2 protein chains.
Amino acid sequence: MITYSHQTAPTQYVQANGIRFAYRRFGETGGVPLVFNMHFMGTMDHWDPAVTDGLAKRREIILFDNAGVSSSSGDVPRSVAEMGANAIAFMKALGLRQVDVLGFSIGGLVAQEITLQAPDLVRRLVLVGTGPRSGESMDTGTPEGKQIFGATYGHPDDLWLRVHFTPSEVSQAAGHKFLQRIRFRTEDRDPAVTEQAALAQRTAIAEWGAKREHAWDYLKEIKQPTLVVNGSDDVIVYTINSYILQQNLPNAQLIIYPDSAHGSLYQYPELFVGHVSMFLSAANPWAP
Amino acid sequence: MITYSHQTAPTQYVQANGIRFAYRRFGETGGVPLVFNMHFMGTMDHWDPAVTDGLAKRREIILFDNAGVSSSSGDVPRSVAEMGANAIAFMKALGLRQVDVLGFSIGGLVAQEITLQAPDLVRRLVLVGTGPRSGESMDTGTPEGKQIFGATYGHPDDLWLRVHFTPSEVSQAAGHKFLQRIRFRTEDRDPAVTEQAALAQRTAIAEWGAKREHAWDYLKEIKQPTLVVNGSDDVIVYTINSYILQQNLPNAQLIIYPDSAHGSLYQYPELFVGHVSMFLSAANPWAP
């Protein structure tokens, strides 16, 4: 049997909900797989191999493009709830009966929806750089985020230096290493997300973020052990939203890393892999 | 050479600053020792052996009573700054040149003062259930704290079930196990803290907590890698104070545990030992 890695796993396809989902699987099989849900404008190639291969040593990793994103067919829905339903259809089409779910940014919103809609499917949850419904500045987006996504860059990848890393020298140096790592894979890469797909994602985020009464009550329904992670200075989804998630989820641990932004998992891949492994590997995540 | 543990380490004494300091040392020698700074009204016997012996597998542990507390002579000073100066005198009297410092509650205030006054002595810092100068409700104390410390209890130890644990069944069960663990040591125990000592500690806490302009600027001077830990529902030193510490310290990681209170380290001793070991053992705490 061939053992694949982040770099070598072929893009495969599965049909569900009228959508042809693109995905990649690699890592240690036999346990509960960990399904990754990507951020705004991201494809499978935006995941950091230091994170995915690091975690793949002890568990199976599944990356996928949700409906309308990159190599997957269909349209990006205009609500996070529909994105969650599509993700569930994808996982069921693969025959998965229990998964751990990791969601980053908008992927963290989708991860929450997956858990609400299919609680029996999800064993544990990892939420990175994300927030609750009606979280702080999640309706309009942050002013910093608008500036960062609205600017033009020498190379399209340079956008991510500002999205995922702080302006500090150390953080920017980590960012340049991250950009190298996501370019290691040279064949069978995912195409960029279309403008139309990005606009639909924006619409879904705004709807999720809209101010509501008792906005955070729904978090009480997410009973799965949850690890919430963020950088100290996330200006895309403000860091306080991670604190709000922890305070309102009934069974969540929060980790905030120093001098880091939206992409804290890419700045500290070894530390992140260590914390996530500790959380996912123990029979009881709070008593390893 | 005899290998001591939390249960067997004899109480020893060292003279410094005109005070006879009581202390206990045990664990793996040869590296940077970890010096524990205790909470309000606590003695060396209030540390959880599951935490201290857990950490002692990979490093030397030093417990001590600060001036005027339990087995140590002298008076409890009425300021945290003086407590810090006494702790530094104690460590220097032991001939220590570099230490890691763990501080819990008022011990976390002392740990900050130690680091500010003797930055070259301190390699890394672990702050548990504590807060910054002028932190939220740290001047007057919290209403919950006043109620809890003002009530009477069947057994004096029962106070700690309410201080350190949430009202949930799971947390209270963990609390009862903690109370058993701190009674395992039957000989050479520390006497209870006097009322006079407790009053002086209260005075020092109120002075530390008093509202000031630019109260959190001083945290920028603590450049040591710092791990900030608390429970989700600390009603003695509100959990938000741990978030404030992380946001204002230049090089700090925050961990908040689920369904837990002031004594989160006692509720999840294995998890806490795992996180602290990961933080203290790596050459670079953020790239283990």
# chains A, B, ... in the order shown; residues from 1 in each chain; ligands from 1
>>> interface_residues(of="chain A", to="chain B", cutoff="7 Å", atoms="only C-alpha atoms", output="PDB file with N, CA, C and O atoms, in the first residue's frame")
ATOM      1  N   SER A 232      -2.767  35.951  19.020  1.00  0.00           N
ATOM      2  CA  SER A 232      -3.008  37.058  19.958  1.00  0.00           C
ATOM      3  C   SER A 232      -3.587  38.282  19.267  1.00  0.00           C
ATOM      4  O   SER A 232      -4.271  39.086  19.895  1.00  0.00           O
ATOM      5  N   GLN A 247     -16.014  30.753  26.198  1.00  0.00           N
ATOM      6  CA  GLN A 247     -16.866  31.078  27.340  1.00  0.00           C
ATOM      7  C   GLN A 247     -18.290  30.560  27.158  1.00  0.00           C
ATOM      8  O   GLN A 247     -19.010  30.372  28.131  1.00  0.00           O
ATOM      9  N   ASN A 251     -17.985  22.807  26.563  1.00  0.00           N
ATOM     10  CA  ASN A 251     -16.891  21.866  26.813  1.00  0.00           C
ATOM     11  C   ASN A 251     -15.669  22.203  25.960  1.00  0.00           C
ATOM     12  O   ASN A 251     -15.183  21.373  25.200  1.00  0.00           O
ATOM     13  N   ALA A 252     -15.194  23.443  26.113  1.00  0.00           N
ATOM     14  CA  ALA A 252     -14.136  23.921  25.220  1.00  0.00           C
ATOM     15  C   ALA A 252     -12.910  24.407  25.970  1.00  0.00           C
ATOM     16  O   ALA A 252     -13.014  25.010  27.040  1.00  0.00           O
ATOM     17  N   GLN A 253     -11.773  24.143  25.366  1.00  0.00           N
ATOM     18  CA  GLN A 253     -10.493  24.674  25.845  1.00  0.00           C
ATOM     19  C   GLN A 253     -10.029  25.741  24.853  1.00  0.00           C
ATOM     20  O   GLN A 253     -10.211  25.586  23.641  1.00  0.00           O
ATOM     21  N   LEU A 254      -9.450  26.810  25.360  1.00  0.00           N
ATOM     22  CA  LEU A 254      -8.934  27.895  24.511  1.00  0.00           C
ATOM     23  C   LEU A 254      -7.415  27.931  24.582  1.00  0.00           C
ATOM     24  O   LEU A 254      -6.841  27.842  25.675  1.00  0.00           O
ATOM     25  N   ILE A 255      -6.772  28.074  23.425  1.00  0.00           N
ATOM     26  CA  ILE A 255      -5.333  28.353  23.386  1.00  0.00           C
ATOM     27  C   ILE A 255      -5.103  29.572  22.507  1.00  0.00           C
ATOM     28  O   ILE A 255      -5.565  29.606  21.361  1.00  0.00           O
ATOM     29  N   ILE A 256      -4.415  30.580  23.047  1.00  0.00           N
ATOM     30  CA  ILE A 256      -4.026  31.762  22.266  1.00  0.00           C
ATOM     31  C   ILE A 256      -2.509  31.847  22.252  1.00  0.00           C
ATOM     32  O   ILE A 256      -1.871  31.786  23.308  1.00  0.00           O
ATOM     33  N   TYR A 257      -1.948  31.977  21.049  1.00  0.00           N
ATOM     34  CA  TYR A 257      -0.493  32.021  20.891  1.00  0.00           C
ATOM     35  C   TYR A 257       0.006  33.468  20.862  1.00  0.00           C
ATOM     36  O   TYR A 257      -0.719  34.367  20.450  1.00  0.00           O
ATOM     37  N   PRO A 258       1.266  33.685  21.266  1.00  0.00           N
ATOM     38  CA  PRO A 258       1.823  35.054  21.294  1.00  0.00           C
ATOM     39  C   PRO A 258       2.115  35.603  19.895  1.00  0.00           C
ATOM     40  O   PRO A 258       2.301  34.823  18.951  1.00  0.00           O
ATOM     41  N   ASP A 259       2.194  36.908  19.797  1.00  0.00           N
ATOM     42  CA  ASP A 259       2.618  37.633  18.586  1.00  0.00           C
ATOM     43  C   ASP A 259       2.202  36.916  17.307  1.00  0.00           C
ATOM     44  O   ASP A 259       3.031  36.561  16.471  1.00  0.00           O
ATOM     45  N   TYR A 268       3.096  28.667  14.176  1.00  0.00           N
ATOM     46  CA  TYR A 268       3.620  27.721  15.176  1.00  0.00           C
ATOM     47  C   TYR A 268       3.168  26.305  14.841  1.00  0.00           C
ATOM     48  O   TYR A 268       2.477  25.669  15.655  1.00  0.00           O
ATOM     49  N   GLU A 270       4.542  23.351  14.775  1.00  0.00           N
ATOM     50  CA  GLU A 270       4.902  22.247  15.678  1.00  0.00           C
ATOM     51  C   GLU A 270       4.121  22.327  16.987  1.00  0.00           C
ATOM     52  O   GLU A 270       3.656  21.318  17.509  1.00  0.00           O
ATOM     53  N   LEU A 271       4.007  23.538  17.496  1.00  0.00           N
ATOM     54  CA  LEU A 271       3.269  23.746  18.740  1.00  0.00           C
ATOM     55  C   LEU A 271       1.796  23.375  18.537  1.00  0.00           C
ATOM     56  O   LEU A 271       1.194  22.670  19.359  1.00  0.00           O
ATOM     57  N   TRP A 286      -9.445  15.828  28.349  1.00  0.00           N
ATOM     58  CA  TRP A 286      -9.055  16.674  29.487  1.00  0.00           C
ATOM     59  C   TRP A 286      -8.277  15.873  30.530  1.00  0.00           C
ATOM     60  O   TRP A 286      -7.897  16.416  31.566  1.00  0.00           O
ATOM     61  N   ALA A 287      -8.096  14.569  30.299  1.00  0.00           N
ATOM     62  CA  ALA A 287      -7.297  13.761  31.235  1.00  0.00           C
ATOM     63  C   ALA A 287      -6.412  12.818  30.439  1.00  0.00           C
ATOM     64  O   ALA A 287      -6.621  11.621  30.434  1.00  0.00           O
ATOM     65  N   PRO A 288      -5.440  13.358  29.714  1.00  0.00           N
ATOM     66  CA  PRO A 288      -4.625  12.529  28.823  1.00  0.00           C
ATOM     67  C   PRO A 288      -3.720  11.568  29.599  1.00  0.00           C
ATOM     68  O   PRO A 288      -3.391  11.813  30.730  1.00  0.00           O
TER      69      PRO A 288
END
>>> residues_around(residues="Gly263 (chain A)", least_positions_apart="6", cutoff="9 Å", atoms="only C-alpha atoms", output="list in words")
Phe104, Val128, Gly129, Trp160, Val163, His164, Phe165, Gly175, Asn230, Gly231 and Asp234 of chain A
>>> atom_distance(atom1="CA of Gly74 (chain B)", atom2="CA of Gly131 (chain B)")
26.4 Å
>>> residues_around(residues="region 84-90 of chain B", least_positions_apart="5", cutoff="6 Å", atoms="only C-alpha atoms", output="ChimeraX atom specification")
/B:16,110,113-114
>>> closest_residue(among="B:Gln224, B:Phe26, B:Thr203, B:Lys146", to="Asn284 (chain B)", atoms="only C-alpha atoms")
B:Gln224
>>> residues_around(residues="Thr140 (chain A)", least_positions_apart="5", cutoff="9 Å", atoms="only C-alpha atoms", output="PyMOL selection string")
chain A and resi 205-206+209-210
>>> write_last_selection(atoms="C-alpha atoms", output="mmCIF file, in the first residue's frame")
data_model
loop_
_atom_site.group_PDB
_atom_site.id
_atom_site.type_symbol
_atom_site.label_atom_id
_atom_site.label_comp_id
_atom_site.auth_asym_id
_atom_site.auth_seq_id
_atom_site.Cartn_x
_atom_site.Cartn_y
_atom_site.Cartn_z
ATOM 1 C CA ILE A 205 -20.104 35.251 6.394
ATOM 2 C CA ALA A 206 -22.147 38.481 6.646
ATOM 3 C CA GLY A 209 -22.207 37.546 11.573
ATOM 4 C CA ALA A 210 -25.452 39.563 11.544
#
>>> select_by_dssp(residues="region 80-284 of chain B", states="helix (DSSP H, G or I)", output="PyMOL selection string")
chain B and resi 80-93+106-117+143-150+156-164+169-181+195-209+217-221+240-248+264-267+269-281
>>> select_by_dssp(residues="region 43-199 of chain A", states="strand (DSSP E)", output="ChimeraX atom specification")
/A:60-64,99-104,122-128
>>> write_last_selection(atoms="N, CA, C and O atoms", output="PDB file, in the first residue's frame")
ATOM      1  N   GLU A  60      -5.600   9.912  10.158  1.00  0.00           N
ATOM      2  CA  GLU A  60      -5.844  10.161   8.746  1.00  0.00           C
ATOM      3  C   GLU A  60      -6.342  11.588   8.565  1.00  0.00           C
ATOM      4  O   GLU A  60      -7.198  12.057   9.322  1.00  0.00           O
ATOM      5  N   ILE A  61      -5.817  12.250   7.546  1.00  0.00           N
ATOM      6  CA  ILE A  61      -6.176  13.634   7.230  1.00  0.00           C
ATOM      7  C   ILE A  61      -7.014  13.632   5.955  1.00  0.00           C
ATOM      8  O   ILE A  61      -6.652  12.956   4.982  1.00  0.00           O
ATOM      9  N   ILE A  62      -8.106  14.368   5.978  1.00  0.00           N
ATOM     10  CA  ILE A  62      -8.907  14.547   4.760  1.00  0.00           C
ATOM     11  C   ILE A  62      -9.028  16.045   4.473  1.00  0.00           C
ATOM     12  O   ILE A  62      -9.576  16.793   5.293  1.00  0.00           O
ATOM     13  N   LEU A  63      -8.493  16.463   3.335  1.00  0.00           N
ATOM     14  CA  LEU A  63      -8.693  17.836   2.845  1.00  0.00           C
ATOM     15  C   LEU A  63      -9.753  17.771   1.757  1.00  0.00           C
ATOM     16  O   LEU A  63      -9.851  16.777   1.036  1.00  0.00           O
ATOM     17  N   PHE A  64     -10.565  18.816   1.625  1.00  0.00           N
ATOM     18  CA  PHE A  64     -11.517  18.853   0.505  1.00  0.00           C
ATOM     19  C   PHE A  64     -11.849  20.296   0.155  1.00  0.00           C
ATOM     20  O   PHE A  64     -11.610  21.218   0.947  1.00  0.00           O
ATOM     21  N   VAL A  99     -16.030  11.413  12.652  1.00  0.00           N
ATOM     22  CA  VAL A  99     -14.890  12.235  12.253  1.00  0.00           C
ATOM     23  C   VAL A  99     -14.559  13.230  13.362  1.00  0.00           C
ATOM     24  O   VAL A  99     -15.405  13.568  14.192  1.00  0.00           O
ATOM     25  N   ASP A 100     -13.309  13.672  13.358  1.00  0.00           N
ATOM     26  CA  ASP A 100     -12.959  14.908  14.056  1.00  0.00           C
ATOM     27  C   ASP A 100     -12.953  15.998  12.996  1.00  0.00           C
ATOM     28  O   ASP A 100     -12.577  15.745  11.845  1.00  0.00           O
ATOM     29  N   VAL A 101     -13.386  17.186  13.368  1.00  0.00           N
ATOM     30  CA  VAL A 101     -13.517  18.261  12.390  1.00  0.00           C
ATOM     31  C   VAL A 101     -12.655  19.442  12.808  1.00  0.00           C
ATOM     32  O   VAL A 101     -12.730  19.894  13.955  1.00  0.00           O
ATOM     33  N   LEU A 102     -11.822  19.903  11.877  1.00  0.00           N
ATOM     34  CA  LEU A 102     -11.033  21.117  12.095  1.00  0.00           C
ATOM     35  C   LEU A 102     -11.555  22.182  11.137  1.00  0.00           C
ATOM     36  O   LEU A 102     -11.723  21.910   9.946  1.00  0.00           O
ATOM     37  N   GLY A 103     -11.844  23.368  11.657  1.00  0.00           N
ATOM     38  CA  GLY A 103     -12.323  24.456  10.807  1.00  0.00           C
ATOM     39  C   GLY A 103     -11.522  25.710  11.076  1.00  0.00           C
ATOM     40  O   GLY A 103     -11.296  26.082  12.226  1.00  0.00           O
ATOM     41  N   PHE A 104     -11.112  26.364   9.998  1.00  0.00           N
ATOM     42  CA  PHE A 104     -10.274  27.561  10.106  1.00  0.00           C
ATOM     43  C   PHE A 104     -11.042  28.720   9.475  1.00  0.00           C
ATOM     44  O   PHE A 104     -11.442  28.649   8.315  1.00  0.00           O
ATOM     45  N   VAL A 122     -19.766  13.823  14.538  1.00  0.00           N
ATOM     46  CA  VAL A 122     -18.580  14.557  14.997  1.00  0.00           C
ATOM     47  C   VAL A 122     -18.174  14.108  16.404  1.00  0.00           C
ATOM     48  O   VAL A 122     -18.966  14.190  17.335  1.00  0.00           O
ATOM     49  N   ARG A 123     -16.920  13.672  16.534  1.00  0.00           N
ATOM     50  CA  ARG A 123     -16.405  13.266  17.835  1.00  0.00           C
ATOM     51  C   ARG A 123     -15.816  14.472  18.575  1.00  0.00           C
ATOM     52  O   ARG A 123     -16.221  14.804  19.675  1.00  0.00           O
ATOM     53  N   ARG A 124     -14.861  15.158  17.947  1.00  0.00           N
ATOM     54  CA  ARG A 124     -14.235  16.350  18.548  1.00  0.00           C
ATOM     55  C   ARG A 124     -14.045  17.432  17.489  1.00  0.00           C
ATOM     56  O   ARG A 124     -14.008  17.130  16.296  1.00  0.00           O
ATOM     57  N   LEU A 125     -13.879  18.647  17.972  1.00  0.00           N
ATOM     58  CA  LEU A 125     -13.894  19.825  17.117  1.00  0.00           C
ATOM     59  C   LEU A 125     -12.667  20.688  17.414  1.00  0.00           C
ATOM     60  O   LEU A 125     -12.331  20.921  18.572  1.00  0.00           O
ATOM     61  N   VAL A 126     -12.029  21.168  16.346  1.00  0.00           N
ATOM     62  CA  VAL A 126     -10.927  22.132  16.503  1.00  0.00           C
ATOM     63  C   VAL A 126     -11.299  23.379  15.720  1.00  0.00           C
ATOM     64  O   VAL A 126     -11.517  23.309  14.499  1.00  0.00           O
ATOM     65  N   LEU A 127     -11.424  24.510  16.400  1.00  0.00           N
ATOM     66  CA  LEU A 127     -11.855  25.770  15.772  1.00  0.00           C
ATOM     67  C   LEU A 127     -10.694  26.766  15.828  1.00  0.00           C
ATOM     68  O   LEU A 127     -10.273  27.168  16.909  1.00  0.00           O
ATOM     69  N   VAL A 128     -10.231  27.180  14.660  1.00  0.00           N
ATOM     70  CA  VAL A 128      -9.051  28.056  14.602  1.00  0.00           C
ATOM     71  C   VAL A 128      -9.394  29.376  13.924  1.00  0.00           C
ATOM     72  O   VAL A 128     -10.009  29.383  12.840  1.00  0.00           O
TER      73      VAL A 128
END
>>> atom_distance(atom1="CA of Asp48 (chain B)", atom2="CA of Gly18 (chain B)")
29.5 Å
>>> atom_distance(atom1="CA of Thr130 (chain A)", atom2="CA of Trp216 (chain B)")
26.7 Å
>>> closest_residue(among="B:His6, B:Phe40, B:Leu109, B:Ser277", to="Ser134 (chain B)", atoms="only C-alpha atoms")
B:Leu109
>>> closest_residue(among="B:Gln15, B:Gln112, B:Gln147, B:Ser70", to="Leu245 (chain B)", atoms="only C-alpha atoms")
B:Gln112
>>> closest_residue(among="A:Ala197, A:Ala204, A:Ala283, A:Leu265", to="Asp75 (chain A)", atoms="only C-alpha atoms")
A:Ala197
>>> closest_residue(among="B:His176, B:His214, B:Arg181, B:Lys57", to="Gly31 (chain B)", atoms="only C-alpha atoms")
B:Lys57
>>> residues_around(residues="Ile236 (chain A)", least_positions_apart="2", cutoff="7 Å", atoms="only C-alpha atoms", output="list in words")
Thr142, Glu144, Gly145, Val163, Asp234, Tyr238 and His262 of chain A
>>> residues_around(residues="Asp53 (chain B)", least_positions_apart="3", cutoff="8 Å", atoms="only C-alpha atoms", output="PDB file with all heavy atoms, in the first residue's frame")
ATOM      1  N   SER B   5       9.963  12.949  46.990  1.00  0.00           N
ATOM      2  CA  SER B   5       8.748  13.307  46.253  1.00  0.00           C
ATOM      3  C   SER B   5       7.996  14.363  47.065  1.00  0.00           C
ATOM      4  O   SER B   5       8.433  14.752  48.158  1.00  0.00           O
ATOM      5  CB  SER B   5       7.862  12.074  46.067  1.00  0.00           C
ATOM      6  OG  SER B   5       7.279  11.731  47.319  1.00  0.00           O
ATOM      7  N   HIS B   6       6.869  14.804  46.530  1.00  0.00           N
ATOM      8  CA  HIS B   6       6.008  15.731  47.259  1.00  0.00           C
ATOM      9  C   HIS B   6       5.723  15.231  48.688  1.00  0.00           C
ATOM     10  O   HIS B   6       5.697  16.019  49.630  1.00  0.00           O
ATOM     11  CB  HIS B   6       4.686  15.889  46.483  1.00  0.00           C
ATOM     12  CG  HIS B   6       3.751  16.891  47.058  1.00  0.00           C
ATOM     13  ND1 HIS B   6       3.635  18.165  46.576  1.00  0.00           N
ATOM     14  CD2 HIS B   6       2.884  16.813  48.096  1.00  0.00           C
ATOM     15  CE1 HIS B   6       2.730  18.829  47.277  1.00  0.00           C
ATOM     16  NE2 HIS B   6       2.262  18.033  48.208  1.00  0.00           N
ATOM     17  N   GLY B  27      12.518  16.108  42.940  1.00  0.00           N
ATOM     18  CA  GLY B  27      12.428  15.949  41.488  1.00  0.00           C
ATOM     19  C   GLY B  27      13.784  15.845  40.834  1.00  0.00           C
ATOM     20  O   GLY B  27      14.823  15.784  41.499  1.00  0.00           O
ATOM     21  N   PRO B  49      -0.124  17.193  44.790  1.00  0.00           N
ATOM     22  CA  PRO B  49       0.981  16.291  44.419  1.00  0.00           C
ATOM     23  C   PRO B  49       0.865  15.754  42.987  1.00  0.00           C
ATOM     24  O   PRO B  49       1.888  15.427  42.387  1.00  0.00           O
ATOM     25  CB  PRO B  49       0.886  15.154  45.448  1.00  0.00           C
ATOM     26  CG  PRO B  49      -0.420  15.309  46.131  1.00  0.00           C
ATOM     27  CD  PRO B  49      -0.835  16.738  45.995  1.00  0.00           C
ATOM     28  N   ALA B  50      -0.348  15.686  42.440  1.00  0.00           N
ATOM     29  CA  ALA B  50      -0.477  15.236  41.044  1.00  0.00           C
ATOM     30  C   ALA B  50       0.194  16.235  40.100  1.00  0.00           C
ATOM     31  O   ALA B  50       0.708  15.869  39.050  1.00  0.00           O
ATOM     32  CB  ALA B  50      -1.951  15.062  40.678  1.00  0.00           C
ATOM     33  N   ALA B  56       7.747  17.035  38.508  1.00  0.00           N
ATOM     34  CA  ALA B  56       9.053  16.662  39.086  1.00  0.00           C
ATOM     35  C   ALA B  56       9.747  15.550  38.302  1.00  0.00           C
ATOM     36  O   ALA B  56      10.954  15.343  38.460  1.00  0.00           O
ATOM     37  CB  ALA B  56       8.882  16.229  40.539  1.00  0.00           C
ATOM     38  N   LYS B  57       8.999  14.858  37.434  1.00  0.00           N
ATOM     39  CA  LYS B  57       9.629  13.799  36.617  1.00  0.00           C
ATOM     40  C   LYS B  57      10.695  14.362  35.688  1.00  0.00           C
ATOM     41  O   LYS B  57      11.610  13.663  35.301  1.00  0.00           O
ATOM     42  CB  LYS B  57       8.570  13.083  35.784  1.00  0.00           C
ATOM     43  CG  LYS B  57       7.732  12.122  36.596  1.00  0.00           C
ATOM     44  CD  LYS B  57       6.662  11.453  35.746  1.00  0.00           C
ATOM     45  CE  LYS B  57       5.626  10.783  36.658  1.00  0.00           C
ATOM     46  NZ  LYS B  57       4.356  10.582  35.960  1.00  0.00           N
TER      47      LYS B  57
END
>>> residues_around(residues="Gln7 (chain B)", least_positions_apart="2", cutoff="10 Å", atoms="only C-alpha atoms", output="PDB file with N, CA and C atoms, in the first residue's frame")
ATOM      1  N   TYR B   4      13.515  12.321  46.628  1.00  0.00           N
ATOM      2  CA  TYR B   4      12.328  12.727  47.365  1.00  0.00           C
ATOM      3  C   TYR B   4      11.148  12.965  46.424  1.00  0.00           C
ATOM      4  N   SER B   5       9.963  12.949  46.990  1.00  0.00           N
ATOM      5  CA  SER B   5       8.748  13.307  46.253  1.00  0.00           C
ATOM      6  C   SER B   5       7.996  14.363  47.065  1.00  0.00           C
ATOM      7  N   ALA B   9       9.613  14.781  50.719  1.00  0.00           N
ATOM      8  CA  ALA B   9      10.628  15.837  50.815  1.00  0.00           C
ATOM      9  C   ALA B   9      10.540  16.507  52.183  1.00  0.00           C
ATOM     10  N   PRO B  10      11.655  16.519  52.943  1.00  0.00           N
ATOM     11  CA  PRO B  10      11.600  17.154  54.263  1.00  0.00           C
ATOM     12  C   PRO B  10      11.518  18.667  54.148  1.00  0.00           C
ATOM     13  N   PHE B  26      12.429  18.710  45.493  1.00  0.00           N
ATOM     14  CA  PHE B  26      12.396  17.312  45.023  1.00  0.00           C
ATOM     15  C   PHE B  26      12.333  17.292  43.497  1.00  0.00           C
ATOM     16  N   ASP B  45       1.491  22.678  51.732  1.00  0.00           N
ATOM     17  CA  ASP B  45       0.636  21.492  51.687  1.00  0.00           C
ATOM     18  C   ASP B  45      -0.629  21.694  50.850  1.00  0.00           C
ATOM     19  N   PRO B  49      -0.124  17.193  44.790  1.00  0.00           N
ATOM     20  CA  PRO B  49       0.981  16.291  44.419  1.00  0.00           C
ATOM     21  C   PRO B  49       0.865  15.754  42.987  1.00  0.00           C
ATOM     22  N   ASP B  53       4.453  16.355  41.626  1.00  0.00           N
ATOM     23  CA  ASP B  53       5.182  15.123  41.286  1.00  0.00           C
ATOM     24  C   ASP B  53       5.148  14.872  39.777  1.00  0.00           C
ATOM     25  N   ARG B 181      -5.847  14.069  47.773  1.00  0.00           N
ATOM     26  CA  ARG B 181      -4.422  14.096  47.407  1.00  0.00           C
ATOM     27  C   ARG B 181      -3.616  15.006  48.329  1.00  0.00           C
ATOM     28  N   ILE B 182      -4.194  16.146  48.720  1.00  0.00           N
ATOM     29  CA  ILE B 182      -3.405  17.061  49.563  1.00  0.00           C
ATOM     30  C   ILE B 182      -3.338  16.581  51.020  1.00  0.00           C
ATOM     31  N   ARG B 183      -4.046  15.487  51.333  1.00  0.00           N
ATOM     32  CA  ARG B 183      -3.954  14.909  52.684  1.00  0.00           C
ATOM     33  C   ARG B 183      -3.089  13.643  52.716  1.00  0.00           C
ATOM     34  N   PHE B 184      -2.560  13.226  51.547  1.00  0.00           N
ATOM     35  CA  PHE B 184      -1.700  12.029  51.508  1.00  0.00           C
ATOM     36  C   PHE B 184      -0.487  12.200  52.424  1.00  0.00           C
ATOM     37  N   ARG B 185       0.084  13.388  52.400  1.00  0.00           N
ATOM     38  CA  ARG B 185       1.239  13.647  53.272  1.00  0.00           C
ATOM     39  C   ARG B 185       0.714  13.822  54.691  1.00  0.00           C
ATOM     40  N   THR B 186       1.188  12.969  55.602  1.00  0.00           N
ATOM     41  CA  THR B 186       0.635  13.009  56.965  1.00  0.00           C
ATOM     42  C   THR B 186       1.645  13.575  57.972  1.00  0.00           C
ATOM     43  N   GLU B 187       2.941  13.465  57.649  1.00  0.00           N
ATOM     44  CA  GLU B 187       3.944  13.972  58.595  1.00  0.00           C
ATOM     45  C   GLU B 187       4.600  15.245  58.078  1.00  0.00           C
ATOM     46  N   ASP B 188       5.133  16.014  59.055  1.00  0.00           N
ATOM     47  CA  ASP B 188       5.895  17.220  58.689  1.00  0.00           C
ATOM     48  C   ASP B 188       5.040  18.149  57.838  1.00  0.00           C
ATOM     49  N   ARG B 189       3.781  18.332  58.245  1.00  0.00           N
ATOM     50  CA  ARG B 189       2.885  19.212  57.491  1.00  0.00           C
ATOM     51  C   ARG B 189       3.062  20.657  57.945  1.00  0.00           C
TER      52      ARG B 189
END
>>> decode(residues="region 196-204 of chain B", atoms="N, CA, C and O atoms", output="mmCIF file, in the first residue's frame")
data_model
loop_
_atom_site.group_PDB
_atom_site.id
_atom_site.type_symbol
_atom_site.label_atom_id
_atom_site.label_comp_id
_atom_site.auth_asym_id
_atom_site.auth_seq_id
_atom_site.Cartn_x
_atom_site.Cartn_y
_atom_site.Cartn_z
ATOM 1 N N GLN B 196 -3.783 37.036 60.919
ATOM 2 C CA GLN B 196 -2.978 38.245 60.700
ATOM 3 C C GLN B 196 -2.269 38.193 59.337
ATOM 4 O O GLN B 196 -2.240 39.177 58.597
ATOM 5 N N ALA B 197 -1.719 37.010 59.019
ATOM 6 C CA ALA B 197 -1.041 36.844 57.733
ATOM 7 C C ALA B 197 -2.036 37.007 56.584
ATOM 8 O O ALA B 197 -1.752 37.674 55.579
ATOM 9 N N ALA B 198 -3.214 36.401 56.740
ATOM 10 C CA ALA B 198 -4.238 36.488 55.689
ATOM 11 C C ALA B 198 -4.669 37.936 55.473
ATOM 12 O O ALA B 198 -4.849 38.376 54.332
ATOM 13 N N LEU B 199 -4.804 38.693 56.556
ATOM 14 C CA LEU B 199 -5.207 40.104 56.446
ATOM 15 C C LEU B 199 -4.160 40.915 55.698
ATOM 16 O O LEU B 199 -4.496 41.758 54.852
ATOM 17 N N ALA B 200 -2.899 40.664 56.000
ATOM 18 C CA ALA B 200 -1.822 41.380 55.293
ATOM 19 C C ALA B 200 -1.830 41.003 53.814
ATOM 20 O O ALA B 200 -1.629 41.862 52.942
ATOM 21 N N GLN B 201 -2.078 39.737 53.500
ATOM 22 C CA GLN B 201 -2.160 39.318 52.089
ATOM 23 C C GLN B 201 -3.293 40.057 51.377
ATOM 24 O O GLN B 201 -3.146 40.533 50.248
ATOM 25 N N ARG B 202 -4.425 40.168 52.064
ATOM 26 C CA ARG B 202 -5.568 40.893 51.497
ATOM 27 C C ARG B 202 -5.213 42.353 51.181
ATOM 28 O O ARG B 202 -5.589 42.881 50.139
ATOM 29 N N THR B 203 -4.511 42.977 52.116
ATOM 30 C CA THR B 203 -4.088 44.370 51.923
ATOM 31 C C THR B 203 -3.204 44.494 50.686
ATOM 32 O O THR B 203 -3.362 45.409 49.866
ATOM 33 N N ALA B 204 -2.271 43.556 50.563
ATOM 34 C CA ALA B 204 -1.349 43.588 49.424
ATOM 35 C C ALA B 204 -2.119 43.399 48.100
ATOM 36 O O ALA B 204 -1.830 44.062 47.101
#
